[in-house]
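Asks: Let me begin by handing over the structure; questions about it come next.
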Amino acid sequence: MRPALDKLSLLQSRQGRAHRLRTHPLLFGERPRGGHIQHRLINLSVRVDLDSPEMTAMAELLVVVDMQNGFLREGNLASDRCLAVLPAVRREVDEALAAGHQVLFTADTHEIDDAEFAVFPEHCVRGTREADLVDELLPLLARDEVLLLRKRRYSALFETEMEGHLHRFGIDSVRICGVCTDICVLHTTADLRNRDFPVTVAVQATGTFDGPGHPADAVQEFAVRHLRRVLGASLDYG
Ligand SMILES: [Zn+2]
């Protein structure tokens, strides 16, 4: 039994039915015998479908960005600040699953000679432990409602299956958390907003690293402000 998917299937079939009814010739002036009565019934069906609470309640996706060993515990980019948000991220995941939402974990994954290593030191190379989710989150991948999405650039929508997932599961809004706030969270949010998806940032479950030329508190503050004011994301500090 997969409750989230079953409800999404129901939602998708309802959306499909509403679409067919809206484009039905009866609604565009063709009126065969008895058409008056049918027209009223069809309009009633459309109204009920579009107002269903399930349509808005069941279509949120939680995107958890790059909670991997390579950013939290091991290697050149591991950061205690990123590790510190793990409990808040775990709460986000537990609440999403309890609400029947799907969860998508992104995982930064590079080939050995990736061009990104001209910008950042080598990290999260395919097949290494750095590329894995941290042990606390790894078992969640066994669940039907949880997906893993490997990506090689900051945005989770660049050359990945993510857009297909959004359409296939009828997702109409995204909640996002993870690391780093100013890099992969921000660029993923930007690409979602470019596609007009409403995005809510779970601010307490985001974080970034501290280092030379990258003061974590100031960068976090800038990124959160940019997410709200420039990209139009909603902020949730709960
Ligand atoms: Zn990377």
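By convention in this document, the chains of the structure tokens carry letters A, B, ... by their order, each chain's residues are numbered from 1, and ligands are numbered from 1 in the order they are shown.
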Could you list, as a short mmCIF file (atom, residue, chain, number, x, y, z; two decimals) with C-alpha atoms, in the first residue's frame, all the residues within 7 Å of ligand 1, counting only C-alpha atoms and all ligand atoms?
Replies:
data_model
loop_
_atom_site.label_atom_id
_atom_site.label_comp_id
_atom_site.auth_asym_id
_atom_site.auth_seq_id
_atom_site.Cartn_x
_atom_site.Cartn_y
_atom_site.Cartn_z
CA ASP A 108 25.83 16.13 -5.48
CA THR A 109 27.78 13.59 -7.55
CA HIS A 110 30.82 14.34 -9.68
CA GLU A 116 33.32 22.18 -10.91
CA HIS A 123 34.19 16.53 -3.40
CA CYS A 124 31.42 13.96 -3.68
CA ARG A 152 26.30 17.32 -10.97
CA ARG A 153 25.61 21.05 -10.75
CA TYR A 154 24.19 23.40 -8.12
#
Asks: Please provide the set of residues having any atom within 9 Å of segment 198-208 of chain A, restricted to only C-alpha atoms, with same-chain residues fewer than 6 positions apart removed, written as number ranges by chain.
Replies: A: 65, 79, 81-92, 172-183, 185, 189, 192, 216-217, 219-220, 224, 227-228, 232-238
Asks: Export N, CA and C atoms of the chosen residues as a CSV table (one decimal), in the first residue's frame?
Replies:
chain,number,residue,atom,x,y,z
A,65,VAL,N,18.3,19.0,0.1
A,65,VAL,CA,19.4,19.2,-0.7
A,65,VAL,C,20.7,18.7,-0.1
A,79,SER,N,31.5,20.3,6.7
A,79,SER,CA,31.3,21.5,7.6
A,79,SER,C,30.5,21.1,8.8
A,81,ARG,N,28.9,23.2,10.5
A,81,ARG,CA,27.7,24.1,10.4
A,81,ARG,C,26.6,23.3,9.6
A,82,CYS,N,27.0,22.6,8.6
A,82,CYS,CA,26.1,21.9,7.8
A,82,CYS,C,25.6,20.7,8.6
A,83,LEU,N,26.5,20.0,9.3
A,83,LEU,CA,26.1,18.9,10.1
A,83,LEU,C,25.1,19.3,11.2
A,84,ALA,N,25.2,20.6,11.7
A,84,ALA,CA,24.4,21.0,12.8
A,84,ALA,C,22.9,21.1,12.4
A,85,VAL,N,22.6,21.2,11.1
A,85,VAL,CA,21.2,21.3,10.7
A,85,VAL,C,20.5,19.9,10.5
A,86,LEU,N,21.3,18.9,10.6
A,86,LEU,CA,20.8,17.5,10.4
A,86,LEU,C,19.5,17.2,11.2
A,87,PRO,N,19.5,17.5,12.5
A,87,PRO,CA,18.3,17.2,13.3
A,87,PRO,C,17.0,18.0,12.7
A,88,ALA,N,17.2,19.2,12.3
A,88,ALA,CA,16.1,20.0,11.8
A,88,ALA,C,15.7,19.4,10.4
A,89,VAL,N,16.6,19.0,9.7
A,89,VAL,CA,16.3,18.3,8.4
A,89,VAL,C,15.5,17.0,8.6
A,90,ARG,N,16.0,16.3,9.6
A,90,ARG,CA,15.3,15.0,9.9
A,90,ARG,C,13.8,15.3,10.3
A,91,ARG,N,13.6,16.3,11.1
A,91,ARG,CA,12.2,16.7,11.5
A,91,ARG,C,11.4,17.0,10.2
A,92,GLU,N,12.0,17.8,9.3
A,92,GLU,CA,11.3,18.1,8.1
A,92,GLU,C,10.9,16.8,7.3
A,172,ASP,N,2.6,20.5,-7.1
A,172,ASP,CA,2.3,21.9,-7.5
A,172,ASP,C,2.9,22.8,-6.5
A,173,SER,N,3.6,22.3,-5.5
A,173,SER,CA,4.4,23.2,-4.6
A,173,SER,C,5.6,22.4,-4.0
A,174,VAL,N,6.6,23.2,-3.7
A,174,VAL,CA,7.8,22.5,-3.2
A,174,VAL,C,8.2,23.2,-1.8
A,175,ARG,N,8.6,22.3,-0.9
A,175,ARG,CA,9.3,22.8,0.3
A,175,ARG,C,10.7,22.3,0.3
A,176,ILE,N,11.6,23.2,0.6
A,176,ILE,CA,13.0,22.9,0.4
A,176,ILE,C,13.8,23.1,1.7
A,177,CYS,N,14.8,22.2,1.9
A,177,CYS,CA,15.8,22.4,3.0
A,177,CYS,C,17.1,21.7,2.6
A,178,GLY,N,18.1,21.8,3.5
A,178,GLY,CA,19.4,21.2,3.3
A,178,GLY,C,20.5,22.2,3.1
A,179,VAL,N,21.6,21.8,2.4
A,179,VAL,CA,22.8,22.6,2.3
A,179,VAL,C,23.2,22.6,0.8
A,180,CYS,N,24.0,23.7,0.5
A,180,CYS,CA,24.2,24.9,1.2
A,180,CYS,C,23.2,25.9,0.8
A,181,THR,N,22.8,26.7,1.7
A,181,THR,CA,21.7,27.7,1.5
A,181,THR,C,22.0,28.6,0.3
A,182,ASP,N,23.2,29.1,0.2
A,182,ASP,CA,23.6,30.1,-0.8
A,182,ASP,C,24.0,29.4,-2.2
A,183,ILE,N,24.1,28.1,-2.2
A,183,ILE,CA,24.6,27.5,-3.4
A,183,ILE,C,23.5,26.6,-4.0
A,185,VAL,N,20.8,25.0,-2.6
A,185,VAL,CA,19.4,25.4,-2.2
A,185,VAL,C,19.0,26.6,-3.0
A,189,THR,N,16.2,26.4,-6.0
A,189,THR,CA,15.0,27.3,-5.8
A,189,THR,C,14.8,28.2,-7.0
A,192,LEU,N,13.3,26.3,-9.8
A,192,LEU,CA,11.9,26.0,-9.5
A,192,LEU,C,11.0,27.2,-9.8
A,216,ALA,N,29.9,32.4,7.3
A,216,ALA,CA,28.7,31.6,7.2
A,216,ALA,C,27.4,32.4,7.6
A,217,ASP,N,27.5,33.2,8.7
A,217,ASP,CA,26.3,33.9,9.1
A,217,ASP,C,25.9,35.0,8.1
A,219,VAL,N,26.7,35.1,4.9
A,219,VAL,CA,26.2,34.4,3.7
A,219,VAL,C,24.8,33.9,3.8
A,220,GLN,N,24.6,33.2,5.0
A,220,GLN,CA,23.3,32.7,5.2
A,220,GLN,C,22.2,33.8,5.2
A,224,VAL,N,19.2,33.9,2.4
A,224,VAL,CA,17.7,33.9,2.8
A,224,VAL,C,17.0,35.1,2.3
A,227,LEU,N,16.5,34.6,-1.4
A,227,LEU,CA,15.5,33.6,-1.7
A,227,LEU,C,14.1,34.3,-1.6
A,228,ARG,N,13.9,35.1,-0.6
A,228,ARG,CA,12.6,35.8,-0.5
A,228,ARG,C,12.4,36.9,-1.4
A,232,GLY,N,11.3,35.2,-4.7
A,232,GLY,CA,9.9,35.1,-4.3
A,232,GLY,C,9.5,33.9,-3.6
A,233,ALA,N,10.5,33.2,-2.9
A,233,ALA,CA,10.2,32.1,-2.1
A,233,ALA,C,9.6,32.5,-0.8
A,234,SER,N,8.7,31.7,-0.2
A,234,SER,CA,8.2,31.9,1.2
A,234,SER,C,9.2,31.4,2.2
A,235,LEU,N,9.3,32.0,3.3
A,235,LEU,CA,10.2,31.6,4.3
A,235,LEU,C,9.4,31.0,5.5
A,236,ASP,N,9.8,29.8,6.0
A,236,ASP,CA,9.2,29.3,7.2
A,236,ASP,C,10.3,29.0,8.2
A,237,TYR,N,10.2,29.7,9.4
A,237,TYR,CA,11.1,29.6,10.4
A,237,TYR,C,10.7,28.6,11.5
A,238,GLY,N,9.6,27.9,11.3
A,238,GLY,CA,9.0,27.0,12.3
A,238,GLY,C,9.9,25.8,12.5
Asks: Give me the residues within 10 Å of Ala78 of chain A as a CSV table (one decimal) with C-alpha atoms, in the first residue's frame, counting only C-alpha atoms and dropping any in the same chain fewer than 3 places off.
Replies:
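File written: around29.csv
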chain,number,residue,atom,x,y,z
A,68,GLN,CA,25.8,13.9,2.2
A,69,ASN,CA,28.9,12.8,4.0
A,70,GLY,CA,30.9,15.1,1.6
A,71,PHE,CA,29.3,18.2,3.0
A,72,LEU,CA,28.6,17.1,6.6
A,73,ARG,CA,31.4,14.7,7.7
A,74,GLU,CA,34.1,13.8,5.2
A,75,GLY,CA,36.4,15.4,2.7
A,81,ARG,CA,27.7,24.1,10.4
A,82,CYS,CA,26.1,21.9,7.8
A,83,LEU,CA,26.1,18.9,10.1
A,123,HIS,CA,34.2,16.5,-3.4
A,130,GLU,CA,31.3,11.4,0.3
A,209,PHE,CA,29.8,26.5,5.6
Asks: Excluding Leu141 of chain A and its own-chain neighbours fewer than 5 positions away, which residues fall within 10 Å of it when counting only C-alpha atoms? Please give them as a list in words.
Replies: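 Counting only the stated atoms, we get Val103, Leu104, Phe105, Leu133, Val146, Leu147 and Leu148 of chain A.
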Asks: What are the DSSP alpha helix (DSSP H) residues of segment 76-136 of chain A, as a list in words?
Replies: Asp80, Arg81, Cys82, Leu83, Leu86, Pro87, Ala88, Val89, Arg90, Arg91, Glu92, Val93, Asp94, Glu95, Ala96, Leu97 and Ala98 of chain A
Asks: Could you check the closest approach to Val134 of chain A for each of A:Asp113, A:Asp66, A:Asp210, A:Glu60 and tell me which residue wins, using only C-alpha atoms?
Replies: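 Checking each of A:Asp113, A:Asp66, A:Asp210, A:Glu60 against Val134 of chain A, counting only C-alpha atoms, the winner is A:Asp66.
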Asks: Just to confirm, what's the straight-line distance from atom CA of His101 of chain A to atom CA of Leu186 of chain A in Å (one decimal)?
Replies: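 A separation of 21.9 Å between them.
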Asks: Would you mind reading off the distance between atom CA of Leu62 of chain A and atom CA of Val93 of chain A, one decimal, in Å?
Replies: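 Value for the atom CA of Leu62 of chain A-atom CA of Val93 of chain A distance: 7.4 Å.
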